[in-house]
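Shown next: my_file-v2.cif, given as mmCIF, C-alpha atoms and all ligand atoms.
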```cif
data_my_file
#
loop_
_atom_site.label_atom_id
_atom_site.label_comp_id
_atom_site.auth_asym_id
_atom_site.auth_seq_id
_atom_site.Cartn_x
_atom_site.Cartn_y
_atom_site.Cartn_z
CA MET A 980 25.64 0.84 44.31
CA PRO A 981 25.84 4.64 43.99
CA THR A 982 22.74 4.83 41.85
CA ASN A 983 19.60 5.99 43.61
CA LEU A 984 16.78 4.14 41.95
CA PRO A 985 13.12 5.08 42.31
CA PRO A 986 10.91 2.58 44.22
CA ASP A 987 9.25 1.11 41.12
CA ALA A 988 12.65 0.33 39.60
CA LEU A 989 13.75 -1.35 42.85
CA GLN A 990 10.61 -3.46 42.85
CA ALA A 991 11.21 -4.40 39.24
CA GLU A 992 14.75 -5.37 40.14
CA ASN A 993 13.45 -7.71 42.82
CA ARG A 994 11.05 -9.31 40.41
CA TYR A 995 13.89 -9.84 37.99
CA ARG A 996 16.07 -11.45 40.69
CA GLU A 997 13.22 -13.79 41.60
CA ALA A 998 12.29 -14.75 38.05
CA GLU A 999 12.93 -18.40 37.37
CA THR A 1000 12.30 -19.21 33.75
CA LEU A 1001 14.38 -17.72 30.96
CA GLU A 1002 11.27 -16.17 29.50
CA ASP A 1003 10.40 -14.50 32.84
CA ARG A 1004 13.91 -13.27 33.34
CA ILE A 1005 13.87 -11.59 29.93
CA ALA A 1006 10.46 -10.04 30.50
CA THR A 1007 11.22 -8.76 34.02
CA LEU A 1008 14.64 -7.45 33.01
CA GLU A 1009 13.04 -5.53 30.14
CA VAL A 1010 10.65 -3.88 32.58
CA TYR A 1011 13.45 -3.14 35.05
CA ILE A 1012 15.63 -1.48 32.41
CA GLY A 1013 12.66 0.56 31.26
CA LEU A 1014 12.15 1.97 34.77
CA ILE A 1015 15.71 3.12 35.36
CA PRO A 1016 15.97 6.90 34.91
CA LYS A 1017 18.28 7.87 32.08
CA HIS A 1018 21.17 10.02 33.27
CA LYS A 1019 24.93 9.89 33.67
CA GLY A 1020 24.71 8.20 37.08
CA THR A 1021 22.90 5.18 35.65
CA ASP A 1022 24.92 4.79 32.45
CA HIS A 1023 27.00 1.89 33.74
CA LEU A 1024 24.11 0.09 35.33
CA ARG A 1025 22.00 0.34 32.20
CA ALA A 1026 24.87 -0.81 29.99
CA ASP A 1027 25.45 -3.80 32.27
CA LEU A 1028 21.82 -4.79 32.32
CA ARG A 1029 21.53 -4.46 28.56
CA LYS A 1030 24.45 -6.83 28.23
CA GLN A 1031 22.72 -9.32 30.53
CA LEU A 1032 19.56 -8.95 28.51
CA SER A 1033 21.24 -9.65 25.22
CA LYS A 1034 22.87 -12.76 26.70
CA LEU A 1035 19.52 -14.00 27.94
CA LYS A 1036 17.95 -13.39 24.56
CA ALA A 1037 20.79 -15.10 22.76
CA SER A 1038 20.38 -18.21 24.88
CA ALA A 1039 16.62 -18.16 24.39
CA GLN A 1040 17.16 -17.99 20.65
CA ALA A 1041 19.78 -20.75 20.75
CA GLY A 1042 17.42 -22.96 22.73
CA LYS A 1043 14.71 -22.54 20.15
CA LYS A 1044 17.10 -23.19 17.32
CA THR A 1045 18.63 -26.46 18.40
CA ALA A 1046 15.17 -27.97 18.47
CA ARG A 1047 14.91 -27.52 14.74
CA GLN A 1048 16.51 -29.02 11.70
CA ASP A 1049 15.94 -26.31 9.15
CA SER A 1050 16.17 -22.69 10.00
CA ALA A 1051 12.76 -21.13 10.52
CA PHE A 1052 14.16 -18.01 8.92
CA ARG A 1053 14.41 -19.56 5.45
CA ILE A 1054 10.92 -19.18 4.14
CA ASP A 1055 10.10 -20.41 0.68
CA ARG A 1056 8.73 -17.77 -1.56
CA GLU A 1057 5.08 -18.16 -2.48
CA GLY A 1058 2.75 -16.04 -4.54
CA ALA A 1059 3.51 -12.80 -6.33
CA GLY A 1060 5.92 -11.35 -3.78
CA GLN A 1061 7.48 -11.71 -0.34
CA VAL A 1062 6.87 -8.93 2.18
CA ALA A 1063 8.58 -8.68 5.58
CA ILE A 1064 6.66 -6.99 8.41
CA VAL A 1065 9.21 -5.53 10.81
CA GLY A 1066 9.37 -3.18 13.79
CA VAL A 1067 10.10 -2.94 17.47
CA THR A 1068 8.13 -5.04 19.93
CA ASN A 1069 4.40 -4.60 20.61
CA VAL A 1070 3.60 -2.35 17.66
CA GLY A 1071 1.08 -4.87 16.28
CA LYS A 1072 3.02 -6.81 13.65
CA SER A 1073 1.43 -10.12 14.59
CA ALA A 1074 -2.01 -8.53 14.86
CA LEU A 1075 -1.64 -7.14 11.33
CA ILE A 1076 -0.61 -10.54 9.96
CA SER A 1077 -3.68 -12.06 11.64
CA ALA A 1078 -5.94 -9.41 10.18
CA LEU A 1079 -4.51 -9.63 6.67
CA THR A 1080 -3.68 -13.29 6.10
CA ASN A 1081 -4.68 -16.84 6.85
CA ALA A 1082 -1.91 -17.10 9.47
CA ALA A 1083 -2.61 -16.75 13.19
CA PRO A 1084 0.58 -15.85 15.05
CA GLU A 1085 0.26 -15.15 18.76
CA VAL A 1086 -0.74 -11.58 19.54
CA SER A 1087 0.08 -10.40 23.03
CA ASP A 1088 0.72 -7.48 25.32
CA ALA A 1089 3.85 -9.18 26.53
CA PRO A 1090 6.94 -7.97 24.73
CA TYR A 1091 8.87 -10.47 22.61
CA THR A 1092 5.97 -12.83 22.00
CA THR A 1093 7.14 -13.56 18.48
CA TRP A 1094 10.42 -15.47 18.29
CA GLU A 1095 10.14 -16.95 14.84
CA PRO A 1096 9.02 -15.59 11.53
CA THR A 1097 5.55 -16.73 10.48
CA PRO A 1098 4.43 -16.52 6.86
CA GLY A 1099 0.84 -16.00 5.76
CA MET A 1100 -0.83 -15.41 2.41
CA MET A 1101 -2.71 -12.18 1.73
CA LEU A 1102 -5.13 -11.94 -1.18
CA VAL A 1103 -4.95 -8.63 -3.06
CA GLU A 1104 -7.80 -8.76 -5.57
CA ASP A 1105 -6.75 -11.86 -7.54
CA VAL A 1106 -3.11 -12.03 -6.48
CA GLN A 1107 -1.64 -13.85 -3.48
CA VAL A 1108 1.16 -12.07 -1.63
CA GLN A 1109 3.26 -13.63 1.10
CA LEU A 1110 3.55 -11.60 4.31
CA ILE A 1111 6.06 -12.63 6.97
CA ASP A 1112 5.65 -11.77 10.64
CA THR A 1113 9.05 -11.36 12.30
CA PRO A 1114 10.61 -11.17 15.76
CA PRO A 1115 11.09 -7.58 16.97
CA LEU A 1116 13.96 -5.37 15.92
CA SER A 1117 15.94 -4.78 19.07
CA ARG A 1118 19.20 -3.09 19.95
CA ASP A 1119 20.01 -5.84 22.44
CA TYR A 1120 19.94 -8.80 20.17
CA ILE A 1121 19.10 -9.39 16.58
CA GLU A 1122 19.19 -12.75 14.86
CA PRO A 1123 21.52 -12.47 11.85
CA GLU A 1124 19.14 -14.67 9.91
CA LEU A 1125 16.34 -12.20 10.51
CA LEU A 1126 18.44 -9.59 8.73
CA ASN A 1127 18.95 -11.96 5.83
CA LEU A 1128 15.24 -12.61 5.67
CA ILE A 1129 14.63 -8.86 5.48
CA ARG A 1130 17.30 -8.48 2.78
CA ARG A 1131 15.61 -11.17 0.67
CA ALA A 1132 12.15 -9.62 0.93
CA ASP A 1133 10.70 -7.74 -2.03
CA LEU A 1134 9.17 -5.10 0.23
CA ILE A 1135 9.48 -4.08 3.88
CA LEU A 1136 6.51 -2.96 5.93
CA LEU A 1137 7.87 -1.08 8.93
CA VAL A 1138 5.25 -0.92 11.69
CA VAL A 1139 5.11 1.70 14.44
CA ASP A 1140 2.53 2.21 17.18
CA VAL A 1141 0.97 5.63 16.68
CA GLN A 1142 0.05 5.68 20.38
CA THR A 1143 3.51 4.93 21.78
CA GLN A 1144 6.38 7.18 20.71
CA PRO A 1145 6.09 6.43 16.99
CA VAL A 1146 8.85 8.87 16.03
CA GLN A 1147 11.38 7.12 18.26
CA GLN A 1148 10.15 3.72 17.11
CA LEU A 1149 10.59 4.68 13.48
CA GLU A 1150 14.00 6.23 14.02
CA GLU A 1151 15.22 3.30 16.08
CA SER A 1152 13.97 0.72 13.57
CA ILE A 1153 15.55 2.53 10.64
CA ALA A 1154 18.80 2.97 12.57
CA ILE A 1155 18.95 -0.75 13.36
CA LEU A 1156 18.29 -1.68 9.74
CA GLU A 1157 20.83 0.82 8.42
CA GLU A 1158 23.45 -0.38 10.90
CA HIS A 1159 23.03 -3.74 9.25
CA ARG A 1160 23.25 -2.19 5.79
CA ILE A 1161 19.58 -2.44 4.90
CA VAL A 1162 18.47 0.91 3.52
CA PRO A 1163 15.06 2.13 2.32
CA LEU A 1164 15.08 2.36 -1.46
CA HIS A 1165 14.05 6.01 -1.36
CA HIS A 1166 17.26 6.81 0.56
CA GLN A 1167 19.37 5.33 -2.21
CA ASP A 1168 20.67 8.67 -3.48
CA ARG A 1169 22.22 9.33 -0.07
CA TYR A 1170 24.63 6.45 -0.61
CA PRO A 1171 25.96 6.72 -4.14
CA ASP A 1172 27.74 3.60 -5.37
CA ASP A 1173 27.89 1.74 -2.10
CA GLN A 1174 28.06 -1.88 -3.18
CA ARG A 1175 27.63 -3.36 0.27
CA LEU A 1176 24.20 -1.96 0.95
CA THR A 1177 20.87 -3.64 0.30
CA PHE A 1178 18.21 -1.19 -0.84
CA ARG A 1179 14.63 -2.28 -0.29
CA PRO A 1180 11.34 -0.54 -0.92
CA LEU A 1181 9.88 0.32 2.46
CA LEU A 1182 6.45 1.49 3.59
CA VAL A 1183 5.75 2.71 7.12
CA LEU A 1184 2.52 1.57 8.76
CA ALA A 1185 1.33 3.72 11.65
CA ASN A 1186 -0.71 1.06 13.44
CA LYS A 1187 -3.32 1.46 16.20
CA CYS A 1188 -5.06 4.33 14.38
CA ASP A 1189 -8.30 3.02 15.88
CA ASP A 1190 -10.29 6.23 16.25
CA GLN A 1191 -10.34 9.97 15.75
CA GLU A 1192 -8.07 10.59 18.70
CA ALA A 1193 -5.48 8.26 17.20
CA ASP A 1194 -5.90 9.97 13.81
CA GLU A 1195 -4.83 13.18 15.50
CA LEU A 1196 -1.76 11.41 16.83
CA PHE A 1197 -1.04 10.36 13.26
CA GLU A 1198 -1.28 13.99 12.13
CA ILE A 1199 1.16 14.95 14.87
CA LEU A 1200 3.48 12.15 13.80
CA THR A 1201 3.59 13.44 10.22
CA VAL A 1202 4.45 16.91 11.52
CA LEU A 1203 7.14 15.68 13.91
CA LEU A 1204 8.97 13.55 11.37
CA GLU A 1205 11.86 15.42 9.86
CA GLU A 1206 11.45 13.83 6.47
CA LYS A 1207 8.52 12.61 4.45
CA TRP A 1208 8.03 8.86 4.60
CA PRO A 1209 5.76 6.70 2.49
CA MET A 1210 3.34 6.07 5.33
CA LEU A 1211 -0.17 4.79 5.91
CA PRO A 1212 -2.29 5.04 9.07
CA VAL A 1213 -3.91 1.64 9.78
CA SER A 1214 -5.54 -0.31 12.58
CA ALA A 1215 -5.26 -4.08 12.92
CA THR A 1216 -8.05 -3.92 15.51
CA THR A 1217 -10.70 -1.97 13.59
CA GLY A 1218 -9.53 -2.86 10.08
CA HIS A 1219 -9.07 0.83 9.27
CA ASN A 1220 -7.31 1.29 5.88
CA LEU A 1221 -6.45 -2.40 5.47
CA GLU A 1222 -7.81 -2.33 1.89
CA GLN A 1223 -5.57 0.66 1.14
CA LEU A 1224 -2.73 -1.25 2.73
CA LYS A 1225 -3.27 -4.19 0.36
CA GLN A 1226 -3.26 -1.82 -2.59
CA ALA A 1227 -0.11 -0.12 -1.32
CA VAL A 1228 1.60 -3.51 -1.00
CA PHE A 1229 0.61 -4.36 -4.56
CA ASP A 1230 2.02 -1.02 -5.78
CA GLY A 1231 5.14 -1.43 -3.66
CA LEU A 1232 5.88 -4.79 -5.24
CA ALA A 1233 6.01 -3.12 -8.68
CA ILE A 1234 4.20 -5.96 -10.42
CA ILE A 1235 1.52 -6.22 -13.09
CA ARG A 1236 -1.14 -8.83 -13.81
CA VAL A 1237 -1.61 -10.10 -17.32
CA TYR A 1238 -4.36 -12.44 -18.51
CA ALA A 1239 -3.86 -14.87 -21.35
CA LYS A 1240 -6.37 -15.14 -24.18
CA PRO A 1241 -5.91 -18.28 -26.25
CA PRO A 1242 -6.69 -17.52 -29.95
CA GLY A 1243 -10.39 -17.98 -30.67
CA LYS A 1244 -11.26 -18.35 -27.00
CA ASP A 1245 -12.28 -16.11 -24.14
CA PRO A 1246 -9.59 -14.65 -21.90
CA ASP A 1247 -8.73 -16.73 -18.87
CA PHE A 1248 -9.38 -14.46 -15.91
CA SER A 1249 -9.13 -17.26 -13.37
CA GLN A 1250 -5.42 -16.81 -12.79
CA PRO A 1251 -3.30 -13.83 -13.74
CA TYR A 1252 0.30 -14.12 -14.82
CA VAL A 1253 2.34 -11.88 -12.57
CA LEU A 1254 5.25 -10.00 -14.13
CA PRO A 1255 7.57 -7.20 -13.01
CA ARG A 1256 6.36 -3.73 -13.95
CA GLY A 1257 7.86 -2.75 -17.30
CA SER A 1258 7.62 -6.27 -18.75
CA THR A 1259 7.02 -6.65 -22.48
CA VAL A 1260 5.00 -9.00 -24.68
CA GLU A 1261 8.19 -10.99 -25.12
CA ASP A 1262 8.65 -11.36 -21.35
CA PHE A 1263 5.08 -12.59 -21.10
CA ALA A 1264 5.67 -15.13 -23.89
CA ARG A 1265 8.74 -16.41 -22.10
CA LYS A 1266 6.75 -16.77 -18.90
CA ILE A 1267 4.09 -18.91 -20.60
CA HIS A 1268 6.41 -21.25 -22.47
CA LYS A 1269 9.75 -21.19 -24.24
CA ASP A 1270 7.98 -22.19 -27.51
CA PHE A 1271 5.95 -19.01 -27.40
CA TYR A 1272 9.07 -16.98 -26.87
CA ASP A 1273 10.99 -18.71 -29.68
CA ASN A 1274 8.20 -18.83 -32.26
CA LEU A 1275 6.10 -15.78 -31.51
CA LYS A 1276 4.46 -14.58 -34.75
CA ALA A 1277 1.94 -12.02 -33.56
CA ALA A 1278 0.43 -10.60 -30.44
CA ARG A 1279 -2.71 -8.65 -29.68
CA VAL A 1280 -3.40 -6.69 -26.53
CA TRP A 1281 -6.66 -5.51 -25.01
CA GLY A 1282 -6.36 -2.79 -22.43
CA SER A 1283 -3.22 -0.72 -22.50
CA ALA A 1284 -2.88 -0.37 -26.29
CA THR A 1285 -4.08 2.83 -27.91
CA PHE A 1286 -7.06 1.14 -29.53
CA ASP A 1287 -9.31 -1.35 -27.89
CA VAL A 1288 -7.63 -4.26 -29.59
CA GLN A 1289 -4.26 -3.77 -31.10
CA ALA A 1290 -1.62 -5.81 -32.80
CA VAL A 1291 1.60 -5.11 -30.95
CA SER A 1292 5.27 -5.86 -31.36
CA ARG A 1293 7.38 -8.10 -29.14
CA ASP A 1294 8.78 -5.17 -27.22
CA HIS A 1295 5.41 -3.61 -26.42
CA VAL A 1296 5.35 -2.77 -22.71
CA LEU A 1297 2.40 -4.34 -20.91
CA ARG A 1298 0.33 -2.76 -18.16
CA ASP A 1299 -1.55 -4.10 -15.19
CA ARG A 1300 -4.69 -6.06 -16.20
CA ASP A 1301 -3.83 -6.32 -19.90
CA VAL A 1302 -5.30 -9.24 -21.83
CA VAL A 1303 -2.82 -10.71 -24.27
CA GLU A 1304 -3.28 -13.10 -27.19
CA LEU A 1305 -0.14 -14.74 -28.53
CA ARG A 1306 0.10 -16.57 -31.86
CA ILE A 1307 2.87 -18.91 -32.87
N1 LIG A 1401 -5.60 -0.54 20.03
C1 LIG A 1401 -4.92 -1.36 19.22
N2 LIG A 1401 -4.16 -2.34 19.75
C2 LIG A 1401 -3.49 -3.15 18.89
C3 LIG A 1401 -3.59 -3.00 17.48
N3 LIG A 1401 -2.80 -3.95 16.92
C4 LIG A 1401 -2.24 -4.65 17.94
N4 LIG A 1401 -2.67 -4.18 19.13
C5 LIG A 1401 -2.30 -4.68 20.48
O1 LIG A 1401 -0.92 -4.44 20.70
C6 LIG A 1401 -0.33 -5.50 21.43
C7 LIG A 1401 0.85 -6.07 20.68
O2 LIG A 1401 0.39 -6.68 19.47
P1 LIG A 1401 1.27 -7.75 18.71
O3 LIG A 1401 0.61 -8.00 17.39
O4 LIG A 1401 1.57 -8.94 19.54
O5 LIG A 1401 2.61 -6.89 18.50
P2 LIG A 1401 4.01 -7.36 17.89
O6 LIG A 1401 4.93 -7.53 19.04
O7 LIG A 1401 4.46 -6.19 17.04
O8 LIG A 1401 3.79 -8.60 17.09
C8 LIG A 1401 -1.45 -6.51 21.66
O9 LIG A 1401 -1.98 -6.28 22.94
C9 LIG A 1401 -2.47 -6.19 20.59
O10 LIG A 1401 -3.77 -6.53 20.97
C10 LIG A 1401 -4.42 -1.95 16.96
O11 LIG A 1401 -4.58 -1.74 15.75
N5 LIG A 1401 -5.07 -1.17 17.87
MG MG A 1402 4.61 -10.43 17.35
#
```
Written as structure tokens, how would this file's structure read?
Ligand SMILES: Nc1nc2c(ncn2[C@@H]2O[C@H](COP(=O)(O)OP(=O)(O)O)[C@@H](O)[C@H]2O)c(=O)[nH]1
Ligand SMILES: [Mg+2]
Amino acid sequence: MPTNLPPDALQAENRYREAETLEDRIATLEVYIGLIPKHKGTDHLRADLRKQLSKLKASAQAGKKTARQDSAFRIDREGAGQVAIVGVTNVGKSALISALTNAAPEVSDAPYTTWEPTPGMMLVEDVQVQLIDTPPLSRDYIEPELLNLIRRADLILLVVDVQTQPVQQLEESIAILEEHRIVPLHHQDRYPDDQRLTFRPLLVLANKCDDQEADELFEILTVLLEEKWPMLPVSATTGHNLEQLKQAVFDGLAIIRVYAKPPGKDPDFSQPYVLPRGSTVEDFARKIHKDFYDNLKAARVWGSATFDVQAVSRDHVLRDRDVVELRI
């Protein structure tokens, strides 16, 4: 081989050759590829190894899949919205899911720990939102069903590691998504009238903002990025900004909560009705029961109306936390 590899790459190559399990072969090959210097002389070698890697990953995925009846990538929607947490490996997706929900996916230093999506429920005030942990976005192999899962989600949280080349991680993740025709909603005007694209609201999470030093890295990240992204610095480890994150998810889902007040009774605050932002009294009536929609005589709203209590028409637009009384 004409390529002169540095000693650590040669060692990594040996470890790869000696690896026995599929999992080990993938992990050692990853390390090996990472240690090969990037220049013209190694182009072929790197391309070859990447091909091997994607084959190994494909067979690992296939192995997992045949053991199952239903696809693990079809996750039933629960709660007020479905949110996919995506990103390259080791940025802290699983750690965030653990910190935010009742789910406990494996968190690990080893790359490619997460092979299957794992859903968990996150409580935002009085609303449950479904978060889904996903396998890493990778140039070598990407499960087509993962892309479909992302397309179905109401919101994408794209995680980067503020301590490890976050600009590259963000650019690579976005490039992979866009190659598969998934585009952040705020880029929509760059692609007028393209029917084949899926536009999804997307929020970037700069994870591992554990301390002041990391906050400075976040500042640098915002300066280095060529465009302005909706972005929040967070830390799964310290819990930094996780409350803001919940609020941002709620806002990103573009939903409102409405409480029903049966005539002559107190409002029922135990469980909100969740409706898309912009919904009207009529939409709310339809959500409660078809009878209310068909026979609605009058409605009163506490909260968003001009006066404290106000009789409103069917097409009155409701706001988050409104209390509504319907009469039929
Ligand atoms: N310092 C720090 N480490 C983190 C944080 N979140 C995750 N990690 C570590 O990063 C590694 C990868 O985390 P994991 O959740 O498995 O990443 P994933 O591959 O994106 O799911 C693990 O060693 C975690 O302990 C964080 O907020 N701060
Ligand atoms: Mg993971």
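If you look at CA of Thr1093 in chain A and CA of Leu1221 in chain A, they are 21.9 Å away from each other.
Pocket residues of ligand MG 1402 (chain A), taken as those with any atom at most 9 Å away using all atoms listed in the file, are Thr1068, Asn1069, Val1070, Gly1071, Lys1072, Ser1073, Ala1074, Pro1084, Glu1085, Val1086, Ser1087, Pro1090, Tyr1091, Thr1092, Thr1093, Trp1094, Glu1095, Pro1096, Asp1112, Thr1113, Pro1114 and Pro1115 of chain A.
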- Note on the structure: Using all atoms listed in the file, the residue out of A:Gln1107, A:Thr1143, A:Thr1097, A:Gln1289 with shortest distance to Phe1229 in chain A is A:Gln1107
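Here CA of Gly1218 in chain A is placed at a distance of 24.4 Å from CA of Ala1233 in chain A.
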- Query: Can you tell me, as a VMD selection string, which residues sit within 10 Å of (-1.6, -7.8, -11.3) in the file's frame, using all atoms listed in the file?
  - Reply: chain A and resid 1059 1103 to 1107 1229 to 1230 1233 to 1238 1250 to 1256 1298 to 1301
- Message: Show me the residues close to (-9.3, -10.2, -22.0) - anything with an atom within 7 Å, counting only C-alpha atoms - and format the list as a PyMOL selection string.
- Response: chain A and resi 1238+1240+1245-1246+1281+1302-1303
- Residue neighbourhood His1219 in chain A, 10 Å, all atoms listed in the file, exclusion window fewer than 6 positions, as a VMD selection string: chain A and resid 1186 to 1190 1212 to 1213
- Have a look at CA of Leu1136 in chain A and CA of Leu1184 in chain A and let me know their distance in Å, one decimal. 6.7 Å
Six-sided padding of 6 Å per side, axis-aligned box over ligand LIG 1401 (chain A), centre and edges in Å, one decimal, as AutoDock Vina command-line options:
```
--center_x -0.3 --center_y -4.7 --center_z 19.3 --size_x 22.5 --size_y 20.4 --size_z 19.2
```
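Proximity ranking of A:Asp1270, A:Asp1140, A:Glu1205, A:Glu1057 relative to ligand LIG 1401 (chain A) places A:Asp1140 first, based on only C-alpha atoms and all ligand atoms.
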